[in-house]
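*Asks:* This is structure24.txt, which holds compact mmCIF, C-alpha atoms and all ligand atoms:
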# COMPACT_ATOMS: atom_id res chain seq x y z
CA MET A 1 54.16 -128.45 95.79
CA ALA A 2 52.58 -125.06 95.18
CA LYS A 3 54.95 -122.40 93.94
CA LYS A 4 55.13 -118.76 94.96
CA ASP A 5 53.78 -116.45 92.32
CA VAL A 6 53.99 -112.81 91.46
CA THR A 7 51.16 -111.97 93.88
CA ASP A 8 53.18 -113.32 96.82
CA VAL A 9 55.91 -110.66 96.76
CA ALA A 10 56.16 -106.90 97.22
CA LEU A 11 56.66 -105.19 93.87
CA LYS A 12 56.17 -101.46 94.44
CA GLY A 13 59.36 -99.55 93.78
CA LYS A 14 61.32 -102.76 93.20
CA VAL A 15 63.39 -103.58 90.17
CA VAL A 16 61.58 -106.70 88.98
CA LEU A 17 63.52 -108.95 86.63
CA VAL A 18 61.13 -110.88 84.38
CA ARG A 19 62.30 -113.83 82.30
CA ALA A 20 59.71 -114.08 79.55
CA ASP A 21 59.55 -116.49 76.63
CA PHE A 22 59.73 -114.21 73.60
CA ASN A 23 61.16 -116.90 71.38
CA VAL A 24 58.72 -116.00 68.61
CA PRO A 25 58.86 -117.27 65.03
CA MET A 26 60.44 -114.67 62.73
CA LYS A 27 60.81 -114.38 59.00
CA ASP A 28 62.96 -111.70 57.36
CA GLY A 29 63.01 -109.65 60.55
CA GLU A 30 59.21 -109.80 60.96
CA ILE A 31 57.36 -111.57 63.76
CA THR A 32 55.10 -114.17 62.13
CA ASN A 33 53.18 -115.16 65.29
CA ASP A 34 53.08 -113.04 68.44
CA ASN A 35 51.22 -115.50 70.66
CA ARG A 36 54.13 -115.73 73.08
CA ILE A 37 54.19 -111.94 73.48
CA VAL A 38 50.44 -111.87 74.09
CA GLN A 39 50.72 -114.68 76.67
CA ALA A 40 53.32 -112.70 78.61
CA LEU A 41 51.14 -109.58 78.95
CA PRO A 42 49.14 -110.40 82.11
CA THR A 43 52.27 -110.81 84.24
CA LEU A 44 53.93 -107.65 82.89
CA GLN A 45 50.75 -105.59 83.23
CA TYR A 46 50.26 -106.76 86.80
CA ILE A 47 53.80 -105.83 87.86
CA LEU A 48 53.53 -102.43 86.17
CA GLU A 49 50.20 -101.74 87.87
CA GLN A 50 51.72 -102.63 91.21
CA GLY A 51 54.41 -100.00 90.68
CA GLY A 52 57.27 -102.34 89.83
CA LYS A 53 60.15 -101.26 87.60
CA VAL A 54 60.24 -104.01 85.00
CA VAL A 55 63.37 -105.37 83.34
CA VAL A 56 62.21 -108.02 80.89
CA PHE A 57 64.42 -110.35 78.87
CA SER A 58 64.30 -113.54 76.84
CA HIS A 59 66.29 -115.65 74.44
CA LEU A 60 65.46 -115.74 70.73
CA GLY A 61 66.60 -118.57 68.48
CA LYS A 62 70.10 -120.01 68.62
CA VAL A 63 73.05 -117.64 68.53
CA LYS A 64 76.18 -119.51 67.56
CA GLU A 65 78.40 -116.81 66.10
CA GLU A 66 78.65 -113.05 65.80
CA SER A 67 76.95 -113.04 62.40
CA ASP A 68 73.77 -114.63 63.87
CA LYS A 69 73.14 -111.55 65.98
CA ALA A 70 71.78 -109.27 63.27
CA LYS A 71 68.71 -111.42 62.59
CA LEU A 72 68.16 -112.47 66.19
CA SER A 73 67.86 -109.10 67.90
CA LEU A 74 64.91 -108.68 70.26
CA ALA A 75 64.37 -105.12 68.98
CA PRO A 76 61.27 -106.08 66.90
CA VAL A 77 59.85 -107.86 69.96
CA ALA A 78 60.32 -104.75 72.12
CA LYS A 79 58.44 -102.76 69.50
CA ARG A 80 55.57 -105.25 69.36
CA LEU A 81 55.45 -105.48 73.15
CA SER A 82 55.22 -101.71 73.36
CA GLU A 83 52.22 -101.76 70.98
CA LYS A 84 50.51 -104.51 72.97
CA LEU A 85 51.09 -102.84 76.32
CA ASP A 86 50.27 -99.44 74.86
CA LYS A 87 53.28 -98.16 76.72
CA GLU A 88 56.85 -97.21 75.94
CA VAL A 89 59.30 -100.10 76.21
CA THR A 90 62.89 -98.88 76.32
CA PHE A 91 65.09 -101.30 74.40
CA ILE A 92 68.73 -101.65 75.45
CA PRO A 93 70.68 -103.51 72.75
CA GLU A 94 73.11 -105.00 75.29
CA THR A 95 73.08 -107.97 77.64
CA ARG A 96 75.30 -106.35 80.28
CA GLY A 97 77.30 -103.27 81.08
CA GLU A 98 77.11 -99.63 82.03
CA LYS A 99 74.46 -98.59 79.53
CA LEU A 100 72.08 -101.29 80.76
CA GLU A 101 72.82 -100.59 84.41
CA SER A 102 72.21 -96.86 84.15
CA ALA A 103 68.99 -97.42 82.18
CA ILE A 104 67.76 -99.67 84.99
CA GLN A 105 68.66 -97.04 87.56
CA ALA A 106 66.72 -94.44 85.61
CA LEU A 107 63.50 -96.51 85.62
CA ASN A 108 60.53 -95.05 87.46
CA GLU A 109 57.73 -97.07 89.05
CA GLY A 110 55.47 -98.52 86.36
CA GLU A 111 58.10 -98.29 83.62
CA ILE A 112 59.59 -101.11 81.60
CA LEU A 113 62.76 -101.83 79.68
CA MET A 114 63.86 -104.84 77.69
CA PHE A 115 67.40 -105.94 77.11
CA GLU A 116 68.89 -107.87 74.23
CA ASN A 117 68.65 -111.61 73.45
CA THR A 118 70.20 -113.53 76.37
CA ARG A 119 71.80 -115.93 73.92
CA PHE A 120 74.03 -113.19 72.56
CA GLU A 121 76.09 -114.33 75.57
CA ASP A 122 76.51 -117.72 73.85
CA VAL A 123 78.90 -116.39 71.21
CA ASP A 124 81.64 -116.19 73.79
CA GLY A 125 81.68 -119.59 75.49
CA LYS A 126 77.93 -120.40 75.66
CA LYS A 127 77.60 -118.48 78.88
CA GLU A 128 73.79 -118.38 78.78
CA SER A 129 73.12 -121.93 77.60
CA LYS A 130 75.75 -123.51 79.84
CA ASN A 131 74.54 -121.54 82.84
CA ASP A 132 77.81 -119.75 83.49
CA PRO A 133 77.66 -118.97 87.23
CA GLU A 134 79.11 -115.46 86.86
CA LEU A 135 76.48 -114.51 84.28
CA GLY A 136 73.53 -115.65 86.40
CA LYS A 137 75.02 -113.83 89.38
CA TYR A 138 75.51 -110.65 87.34
CA TRP A 139 71.95 -110.61 86.00
CA ALA A 140 70.61 -111.30 89.49
CA SER A 141 72.57 -108.27 90.76
CA LEU A 142 70.52 -106.01 88.49
CA GLY A 143 67.22 -106.52 90.33
CA ASP A 144 65.40 -107.03 93.62
CA VAL A 145 62.99 -109.83 92.68
CA PHE A 146 63.00 -112.45 89.91
CA VAL A 147 59.80 -113.46 88.14
CA ASN A 148 60.16 -116.49 85.91
CA ASP A 149 57.40 -116.63 83.30
CA ALA A 150 59.32 -118.53 80.62
CA PHE A 151 57.68 -121.94 80.62
CA GLY A 152 59.04 -122.68 77.14
CA THR A 153 62.56 -122.62 78.62
CA ALA A 154 61.71 -124.46 81.85
CA HIS A 155 63.28 -127.72 80.64
CA ARG A 156 66.62 -125.92 80.25
CA GLU A 157 69.09 -125.02 82.95
CA HIS A 158 70.28 -121.68 81.63
CA ALA A 159 71.79 -118.58 83.25
CA SER A 160 68.68 -116.49 82.53
CA ASN A 161 66.37 -118.81 84.43
CA VAL A 162 68.08 -121.25 86.81
CA GLY A 163 71.29 -119.20 87.13
CA ILE A 164 69.50 -116.06 88.34
CA SER A 165 67.33 -118.13 90.70
CA THR A 166 70.44 -119.24 92.57
CA HIS A 167 70.93 -115.65 93.75
CA LEU A 168 67.50 -114.08 93.95
CA GLU A 169 64.11 -115.07 95.33
CA THR A 170 62.20 -116.45 92.37
CA VAL A 171 58.45 -116.52 91.86
CA ALA A 172 56.31 -117.74 88.97
CA GLY A 173 54.58 -115.39 86.53
CA PHE A 174 50.94 -116.04 85.64
CA LEU A 175 51.77 -117.96 82.47
CA MET A 176 54.22 -120.23 84.26
CA GLU A 177 51.66 -120.74 86.98
CA LYS A 178 49.01 -121.70 84.44
CA GLU A 179 51.29 -124.25 82.80
CA ILE A 180 52.15 -125.76 86.19
CA LYS A 181 48.47 -125.87 87.13
CA PHE A 182 47.34 -127.61 83.95
CA ILE A 183 50.21 -129.75 82.71
CA GLY A 184 51.54 -130.32 86.21
CA GLY A 185 47.96 -131.15 87.22
CA VAL A 186 47.74 -133.87 84.59
CA VAL A 187 50.91 -135.59 85.69
CA GLU A 188 50.42 -135.18 89.40
CA ASN A 189 46.77 -135.29 90.28
CA PRO A 190 44.35 -135.53 87.35
CA ASP A 191 40.61 -135.73 87.70
CA LYS A 192 39.67 -139.22 86.47
CA PRO A 193 38.75 -140.67 84.04
CA VAL A 194 41.73 -139.48 82.01
CA VAL A 195 41.99 -139.98 78.26
CA ALA A 196 45.34 -139.32 76.59
CA ILE A 197 45.61 -138.81 72.86
CA LEU A 198 48.97 -139.31 71.23
CA GLY A 199 50.03 -138.72 67.68
CA GLY A 200 52.60 -136.85 65.69
CA ALA A 201 55.44 -138.10 63.66
CA LYS A 202 57.50 -140.58 65.58
CA VAL A 203 57.30 -143.13 68.35
CA SER A 204 60.96 -142.47 69.17
CA ASP A 205 60.32 -138.79 69.99
CA LYS A 206 57.60 -139.72 72.44
CA ILE A 207 58.68 -142.88 74.25
CA GLY A 208 58.85 -141.14 77.62
CA VAL A 209 55.50 -139.46 77.07
CA ILE A 210 53.77 -142.70 76.04
CA GLU A 211 55.17 -144.59 79.02
CA ASN A 212 54.24 -141.90 81.52
CA LEU A 213 50.75 -141.33 80.14
CA LEU A 214 50.07 -145.06 80.24
CA ASN A 215 50.62 -144.83 83.99
CA ILE A 216 48.19 -141.93 84.27
CA ALA A 217 45.44 -142.39 81.71
CA ASP A 218 42.53 -144.81 81.63
CA LYS A 219 42.73 -144.87 77.83
CA VAL A 220 45.51 -143.92 75.44
CA LEU A 221 44.33 -143.24 71.90
CA ILE A 222 47.12 -143.40 69.36
CA GLY A 223 46.92 -141.75 65.95
CA GLY A 224 49.29 -139.84 63.67
CA GLY A 225 52.42 -141.21 62.10
CA MET A 226 53.39 -143.12 65.23
CA ALA A 227 50.29 -145.34 65.03
CA TYR A 228 51.67 -147.30 62.07
CA THR A 229 54.59 -148.75 64.03
CA PHE A 230 51.99 -150.03 66.52
CA LEU A 231 49.81 -151.46 63.74
CA LYS A 232 52.89 -153.13 62.25
CA ALA A 233 53.62 -154.59 65.69
CA GLN A 234 50.17 -156.19 65.50
CA GLY A 235 51.24 -157.84 62.27
CA LYS A 236 49.38 -155.54 59.89
CA GLU A 237 50.73 -154.43 56.52
CA ILE A 238 51.09 -150.68 56.56
CA GLY A 239 52.34 -150.02 53.02
CA LEU A 240 54.58 -146.98 52.86
CA SER A 241 53.19 -145.40 56.04
CA LEU A 242 55.68 -144.07 58.60
CA LEU A 243 57.48 -146.98 60.23
CA GLU A 244 60.24 -147.08 62.80
CA ALA A 245 61.44 -150.64 62.42
CA ASP A 246 63.65 -150.39 65.48
CA ARG A 247 60.62 -149.53 67.65
CA ILE A 248 58.40 -152.46 66.67
CA GLU A 249 59.55 -154.48 69.69
CA PHE A 250 58.87 -151.56 72.01
CA ALA A 251 55.40 -151.18 70.50
CA LYS A 252 54.70 -154.91 70.86
CA ASP A 253 55.75 -154.85 74.46
CA LEU A 254 53.54 -151.85 75.22
CA LEU A 255 50.54 -153.40 73.48
CA GLU A 256 50.96 -156.56 75.55
CA ARG A 257 51.32 -154.66 78.78
CA ALA A 258 48.52 -152.20 78.09
CA GLY A 259 45.88 -154.49 76.55
CA ASP A 260 42.74 -152.53 75.77
CA GLN A 261 44.09 -149.42 77.49
CA ILE A 262 45.65 -148.56 74.12
CA VAL A 263 43.24 -147.80 71.28
CA LEU A 264 44.62 -147.80 67.72
CA PRO A 265 43.13 -146.46 64.47
CA VAL A 266 40.76 -148.70 62.51
CA ASP A 267 40.98 -146.80 59.23
CA GLY A 268 43.16 -144.32 57.42
CA LYS A 269 43.41 -142.00 54.44
CA VAL A 270 45.97 -143.36 52.04
CA ALA A 271 47.71 -141.78 49.07
CA LYS A 272 50.50 -142.62 46.65
CA GLU A 273 52.34 -139.35 47.17
CA PHE A 274 53.09 -137.15 50.13
CA SER A 275 51.12 -134.24 48.72
CA ASN A 276 47.94 -132.33 49.41
CA ASP A 277 46.83 -132.97 45.82
CA ALA A 278 47.33 -136.72 45.94
CA GLU A 279 44.36 -138.94 45.19
CA ILE A 280 42.94 -140.10 48.54
CA THR A 281 41.31 -143.43 49.42
CA GLU A 282 39.78 -144.29 52.79
CA VAL A 283 40.67 -147.82 53.79
CA SER A 284 40.54 -150.09 56.82
CA VAL A 285 43.92 -150.55 58.53
CA ASP A 286 43.74 -154.16 57.33
CA GLU A 287 43.75 -153.02 53.72
CA ILE A 288 46.51 -150.45 53.35
CA PRO A 289 47.88 -150.98 49.83
CA GLU A 290 51.59 -151.76 49.69
CA ASP A 291 52.38 -148.82 47.40
CA GLN A 292 50.52 -146.23 49.51
CA GLU A 293 51.01 -144.29 52.69
CA SER A 294 48.43 -143.40 55.34
CA LEU A 295 48.54 -139.67 56.04
CA ASP A 296 45.54 -139.28 58.35
CA ILE A 297 43.17 -141.30 60.48
CA GLY A 298 39.87 -142.05 58.77
CA PRO A 299 36.27 -141.18 59.76
CA LYS A 300 35.64 -144.50 61.57
CA THR A 301 38.65 -143.82 63.77
CA VAL A 302 37.41 -140.29 64.51
CA GLU A 303 34.09 -141.85 65.57
CA LEU A 304 35.88 -144.46 67.71
CA PHE A 305 38.04 -141.84 69.40
CA LYS A 306 34.95 -139.70 70.00
CA GLN A 307 33.29 -142.60 71.84
CA GLN A 308 36.40 -143.15 73.91
CA LEU A 309 36.43 -139.48 74.91
CA GLU A 310 32.86 -139.50 76.19
CA GLY A 311 32.73 -139.10 79.95
CA ALA A 312 36.38 -138.10 80.29
CA HIS A 313 37.13 -135.58 83.02
CA THR A 314 40.65 -134.91 81.84
CA VAL A 315 41.91 -135.04 78.27
CA VAL A 316 45.56 -134.55 77.45
CA TRP A 317 46.67 -134.48 73.84
CA ASN A 318 50.03 -134.43 72.17
CA GLY A 319 50.68 -134.99 68.49
CA PRO A 320 48.45 -134.33 65.44
CA MET A 321 46.37 -137.22 64.05
CA GLY A 322 47.62 -136.73 60.50
CA VAL A 323 49.57 -134.43 58.23
CA PHE A 324 47.38 -131.48 59.25
CA GLU A 325 49.61 -129.07 57.30
CA PHE A 326 47.87 -130.46 54.18
CA SER A 327 44.22 -129.40 54.32
CA ASN A 328 43.12 -132.69 52.78
CA PHE A 329 44.73 -134.62 55.64
CA ALA A 330 43.60 -132.34 58.47
CA GLN A 331 40.16 -133.95 58.98
CA GLY A 332 41.37 -136.43 61.61
CA THR A 333 42.92 -133.69 63.73
CA ILE A 334 39.85 -131.48 63.21
CA GLY A 335 37.52 -134.36 64.15
CA VAL A 336 39.35 -134.92 67.43
CA CYS A 337 39.33 -131.16 68.14
CA GLU A 338 35.56 -131.16 67.56
CA ALA A 339 35.06 -134.14 69.85
CA ILE A 340 37.03 -132.36 72.57
CA ALA A 341 35.11 -129.13 72.03
CA GLU A 342 31.86 -131.03 72.73
CA LEU A 343 32.99 -132.35 76.11
CA LYS A 344 31.16 -130.54 78.87
CA ASP A 345 32.84 -131.43 82.15
CA ALA A 346 36.39 -132.02 81.11
CA THR A 347 39.66 -130.21 81.59
CA THR A 348 41.26 -130.39 78.16
CA ILE A 349 44.92 -129.74 77.58
CA ILE A 350 47.05 -129.78 74.47
CA GLY A 351 50.84 -129.73 74.54
CA GLY A 352 53.61 -129.95 71.96
CA GLY A 353 54.76 -127.38 69.42
CA ASP A 354 52.99 -128.71 66.34
CA SER A 355 49.94 -129.85 68.29
CA ALA A 356 49.36 -126.40 69.78
CA ALA A 357 49.92 -124.81 66.38
CA ALA A 358 47.43 -127.23 64.80
CA ALA A 359 44.71 -126.51 67.38
CA MET A 360 45.09 -122.76 66.86
CA GLN A 361 45.51 -122.85 63.10
CA LEU A 362 42.44 -125.06 62.70
CA GLY A 363 40.34 -122.62 64.73
CA PHE A 364 39.96 -124.41 68.07
CA GLU A 365 41.92 -121.98 70.19
CA ASP A 366 38.98 -121.31 72.52
CA ASP A 367 37.85 -124.92 72.82
CA PHE A 368 40.64 -126.13 75.07
CA THR A 369 41.05 -125.41 78.75
CA HIS A 370 44.74 -124.92 78.12
CA ILE A 371 46.99 -124.81 75.07
CA SER A 372 50.55 -125.03 76.27
CA THR A 373 53.06 -122.43 75.08
CA GLY A 374 55.95 -124.84 75.54
CA GLY A 375 56.99 -127.36 72.89
CA GLY A 376 59.91 -129.32 74.35
CA ALA A 377 59.08 -128.17 77.87
CA SER A 378 55.52 -129.50 77.73
CA LEU A 379 56.75 -132.86 76.40
CA GLU A 380 59.34 -133.25 79.14
CA TYR A 381 56.75 -132.22 81.71
CA LEU A 382 54.34 -134.86 80.36
CA GLU A 383 57.16 -137.40 80.60
CA GLY A 384 56.98 -136.81 84.33
CA LYS A 385 60.37 -135.11 84.54
CA GLU A 386 61.08 -132.36 87.01
CA LEU A 387 61.85 -129.24 84.98
CA PRO A 388 64.84 -127.28 86.31
CA GLY A 389 63.21 -123.91 85.58
CA ILE A 390 60.20 -124.86 87.72
CA LYS A 391 62.25 -126.50 90.44
CA ALA A 392 64.15 -123.21 90.90
CA ILE A 393 60.95 -121.30 91.78
CA ALA A 394 60.38 -120.82 95.50
CA ASN A 395 57.77 -123.04 97.15
CA LYS A 396 54.86 -121.41 98.95
P1 LIG B 1 54.44 -132.04 68.48
O1 LIG B 1 55.36 -130.97 67.94
O2 LIG B 1 53.10 -131.50 68.84
O3 LIG B 1 55.08 -132.81 69.60
P2 LIG B 1 55.24 -133.91 66.42
O4 LIG B 1 56.38 -133.02 66.07
O5 LIG B 1 55.54 -135.19 67.06
O6 LIG B 1 54.17 -133.09 67.30
O7 LIG B 1 54.41 -134.28 65.13
C1 LIG B 1 53.93 -133.36 64.20
C2 LIG B 1 54.14 -133.83 62.79
O8 LIG B 1 53.65 -135.15 62.60
C3 LIG B 1 53.40 -132.97 61.83
O9 LIG B 1 54.32 -132.25 61.04
C4 LIG B 1 52.58 -133.94 60.99
O10 LIG B 1 52.60 -133.66 59.61
C5 LIG B 1 53.26 -135.26 61.26
N1 LIG B 1 52.35 -136.40 61.04
C6 LIG B 1 51.19 -136.65 61.67
N2 LIG B 1 50.60 -137.75 61.17
C7 LIG B 1 51.39 -138.22 60.19
C8 LIG B 1 51.32 -139.32 59.26
N3 LIG B 1 50.29 -140.16 59.27
N4 LIG B 1 52.33 -139.46 58.39
C9 LIG B 1 53.36 -138.60 58.37
N5 LIG B 1 53.50 -137.55 59.20
C10 LIG B 1 52.52 -137.35 60.10
MG MG B 2 57.04 -131.08 66.61
Show how you would write the structure in this file as structure tokens.

*Replies:*
Amino acid sequence: MAKKDVTDVALKGKVVLVRADFNVPMKDGEITNDNRIVQALPTLQYILEQGGKVVVFSHLGKVKEESDKAKLSLAPVAKRLSEKLDKEVTFIPETRGEKLESAIQALNEGEILMFENTRFEDVDGKKESKNDPELGKYWASLGDVFVNDAFGTAHREHASNVGISTHLETVAGFLMEKEIKFIGGVVENPDKPVVAILGGAKVSDKIGVIENLLNIADKVLIGGGMAYTFLKAQGKEIGLSLLEADRIEFAKDLLERAGDQIVLPVDGKVAKEFSNDAEITEVSVDEIPEDQESLDIGPKTVELFKQQLEGAHTVVWNGPMGVFEFSNFAQGTIGVCEAIAELKDATTIIGGGDSAAAAMQLGFEDDFTHISTGGGASLEYLEGKELPGIKAIANK
């Protein structure tokens, strides 16, 4: 079902509440990656150009007690946003009350203010995270229209997304719309043939994703740490590679059901220590030494996965192929990125926190049709779940 977006509502002169996802990584009060701020710009710029009065807000981190507040203020985000928009962003260090209300009243068309971390409301009874009905109603009372652009929060039912939507017409921002188009497109109506690539640390984190993508994809290529539980299920010796013993039966069952729909690695890069400086040997998956651990897929597997990707019209990827954080074990993930970059007629989508970070960090940011901004949200979406934050947006 198509959702209403920010172009479907009147904005001029309206107080437009915008739930953004400004949950950026911070270290010692500094923003270490502002991608989420950059991704929010098109929606904000559009509303400002249309003459809306923007009230933007977000959560940042987890606020459990009063003492968490100092390091989780959105003030540095307001500053960075102001630089990116090249426009003053008034920051109100409150989540409610007279000061906020009068600042909103003082807004002129084309002006913007940001208020403080919505999770500051969690200190007193988790009002934001438990979707306290009074809080959602109060925030809704501050504006005329609600634009939800926080895809990264869409799997949560919080006051600042779902709560507000209960009281105010809600439309999607451009980022939310893009995520729905691409990730929603994969789960609902993908252009075939579809190749899914799965990796990352654990089978247990991804059971729902594996099951759902097996229903959607023509081929499911499995690499990363999770591959070794599957190889073990085939009776192979995997040495000290990641194993989830309690998932071997699940893996066996899937392999039986899926037959050649699932493609597993044929070689790996093994080492004695979990370290970038460890001595590396490339071995077949039939020859993993018992005192070593496989930390990446090998070149034959990259070649095999490349062949499997040829002719795909849709590629969806979650989970790195190896320990990409170590440069010496990033080749598998790089090889798959390169194979995807070469595809001419495919829609290519990557989801998952570490996967998106890997694609960007390794320099492939422009080679995907879509890199999702949501970690947990993109996984739950790929599992085929209905996300409460998306459900709450009005249908066209
Ligand atoms: P995402 O966040 O994209 O869903 P995951 O969190 O499931 O991905 O997996 C990412 C992690 O998996 C990375 O930190 C990476 O180092 C780890 N990983 C990938 N391959 C292996 C492997 N062969 N052995 C150990 N860890 C691995
Ligand atoms: Mg992760």

*Asks:* Which residue, A:Gly199, A:Gly110, A:Pro265, A:Gly311, has the smallest gap to ligand MG 2 (chain B) when you use only C-alpha atoms and all ligand atoms?

*Replies:*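 Residue with the minimum atom-to-atom distance to ligand MG 2 (chain B): A:Gly199.
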
*Asks:* Give the residue list for ligand MG 2 (chain B) at 10 Å, counting all atoms listed in the file, as a PyMOL selection string, sorted by chain and then by residue number.

*Replies:* chain A and resi 200-202+205+318-320+352-357+375-376+379

*Asks:* Closest to A:Ala106 among A:Val187, A:Asn328, A:Val55, A:Val171, using only C-alpha atoms?

*Replies:*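 Under the stated criterion, the closest residue is A:Val55.
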
*Asks:* What's the 7 Å shell around stretch 57-68 of chain A, counting all atoms listed in the file, without same-chain residues fewer than 6 positions away, as a list in words?

*Replies:*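 Final neighbour list, sorted by chain and number: Val18, Arg19, Ala20, Asp21, Phe22, Asn23, Met114, Phe115, Glu116, Asn117, Thr118, Arg119, Phe120, Asp122 and Val123 of chain A.
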
*Asks:* To one decimal place, how far is atom CA of A:Leu214 from atom CA of A:Thr373 in Å?

*Replies:* 23.4 Å

*Asks:* For stretch 151-157 of chain A, supply all heavy atoms and format the output as a PDB file, in the frame of the given file.

*Replies:*
ATOM      1  N   PHE A 151      57.907-120.494  80.571  1.00  0.00           N
ATOM      2  CA  PHE A 151      57.680-121.940  80.620  1.00  0.00           C
ATOM      3  C   PHE A 151      58.400-122.657  79.478  1.00  0.00           C
ATOM      4  O   PHE A 151      58.945-123.743  79.667  1.00  0.00           O
ATOM      5  CB  PHE A 151      56.183-122.269  80.570  1.00  0.00           C
ATOM      6  CG  PHE A 151      55.937-123.749  80.515  1.00  0.00           C
ATOM      7  CD1 PHE A 151      56.173-124.542  81.627  1.00  0.00           C
ATOM      8  CD2 PHE A 151      55.505-124.354  79.343  1.00  0.00           C
ATOM      9  CE1 PHE A 151      55.993-125.914  81.578  1.00  0.00           C
ATOM     10  CE2 PHE A 151      55.308-125.727  79.280  1.00  0.00           C
ATOM     11  CZ  PHE A 151      55.550-126.510  80.403  1.00  0.00           C
ATOM     12  N   GLY A 152      58.411-122.045  78.306  1.00  0.00           N
ATOM     13  CA  GLY A 152      59.040-122.680  77.140  1.00  0.00           C
ATOM     14  C   GLY A 152      60.521-122.998  77.329  1.00  0.00           C
ATOM     15  O   GLY A 152      61.080-123.802  76.591  1.00  0.00           O
ATOM     16  N   THR A 153      61.139-122.388  78.331  1.00  0.00           N
ATOM     17  CA  THR A 153      62.560-122.620  78.620  1.00  0.00           C
ATOM     18  C   THR A 153      62.736-123.460  79.891  1.00  0.00           C
ATOM     19  O   THR A 153      63.857-123.750  80.295  1.00  0.00           O
ATOM     20  CB  THR A 153      63.272-121.256  78.842  1.00  0.00           C
ATOM     21  OG1 THR A 153      62.926-120.388  77.755  1.00  0.00           O
ATOM     22  CG2 THR A 153      64.778-121.380  78.858  1.00  0.00           C
ATOM     23  N   ALA A 154      61.628-123.834  80.524  1.00  0.00           N
ATOM     24  CA  ALA A 154      61.710-124.460  81.850  1.00  0.00           C
ATOM     25  C   ALA A 154      62.452-125.793  81.858  1.00  0.00           C
ATOM     26  O   ALA A 154      62.942-126.230  82.892  1.00  0.00           O
ATOM     27  CB  ALA A 154      60.307-124.631  82.430  1.00  0.00           C
ATOM     28  N   HIS A 155      62.549-126.438  80.683  1.00  0.00           N
ATOM     29  CA  HIS A 155      63.280-127.720  80.640  1.00  0.00           C
ATOM     30  C   HIS A 155      64.774-127.495  80.470  1.00  0.00           C
ATOM     31  O   HIS A 155      65.531-128.457  80.372  1.00  0.00           O
ATOM     32  CB  HIS A 155      62.719-128.627  79.542  1.00  0.00           C
ATOM     33  CG  HIS A 155      62.761-128.044  78.159  1.00  0.00           C
ATOM     34  ND1 HIS A 155      62.407-126.738  77.890  1.00  0.00           N
ATOM     35  CD2 HIS A 155      63.107-128.585  76.973  1.00  0.00           C
ATOM     36  CE1 HIS A 155      62.535-126.509  76.604  1.00  0.00           C
ATOM     37  NE2 HIS A 155      62.963-127.609  76.021  1.00  0.00           N
ATOM     38  N   ARG A 156      65.196-126.236  80.413  1.00  0.00           N
ATOM     39  CA  ARG A 156      66.620-125.920  80.250  1.00  0.00           C
ATOM     40  C   ARG A 156      67.160-125.312  81.542  1.00  0.00           C
ATOM     41  O   ARG A 156      66.447-124.579  82.242  1.00  0.00           O
ATOM     42  CB  ARG A 156      66.800-124.887  79.129  1.00  0.00           C
ATOM     43  CG  ARG A 156      66.199-125.319  77.818  1.00  0.00           C
ATOM     44  CD  ARG A 156      67.085-126.312  77.122  1.00  0.00           C
ATOM     45  NE  ARG A 156      66.536-126.658  75.829  1.00  0.00           N
ATOM     46  CZ  ARG A 156      66.460-127.904  75.370  1.00  0.00           C
ATOM     47  NH1 ARG A 156      66.850-128.911  76.120  1.00  0.00           N
ATOM     48  NH2 ARG A 156      65.989-128.137  74.167  1.00  0.00           N
ATOM     49  N   GLU A 157      68.437-125.589  81.777  1.00  0.00           N
ATOM     50  CA  GLU A 157      69.090-125.020  82.950  1.00  0.00           C
ATOM     51  C   GLU A 157      70.024-123.929  82.442  1.00  0.00           C
ATOM     52  O   GLU A 157      71.203-124.189  82.222  1.00  0.00           O
ATOM     53  CB  GLU A 157      69.857-126.129  83.665  1.00  0.00           C
ATOM     54  CG  GLU A 157      70.186-125.791  85.067  1.00  0.00           C
ATOM     55  CD  GLU A 157      70.652-127.015  85.853  1.00  0.00           C
ATOM     56  OE1 GLU A 157      70.163-128.141  85.578  1.00  0.00           O
ATOM     57  OE2 GLU A 157      71.517-126.836  86.704  1.00  0.00           O
TER      58      GLU A 157
END
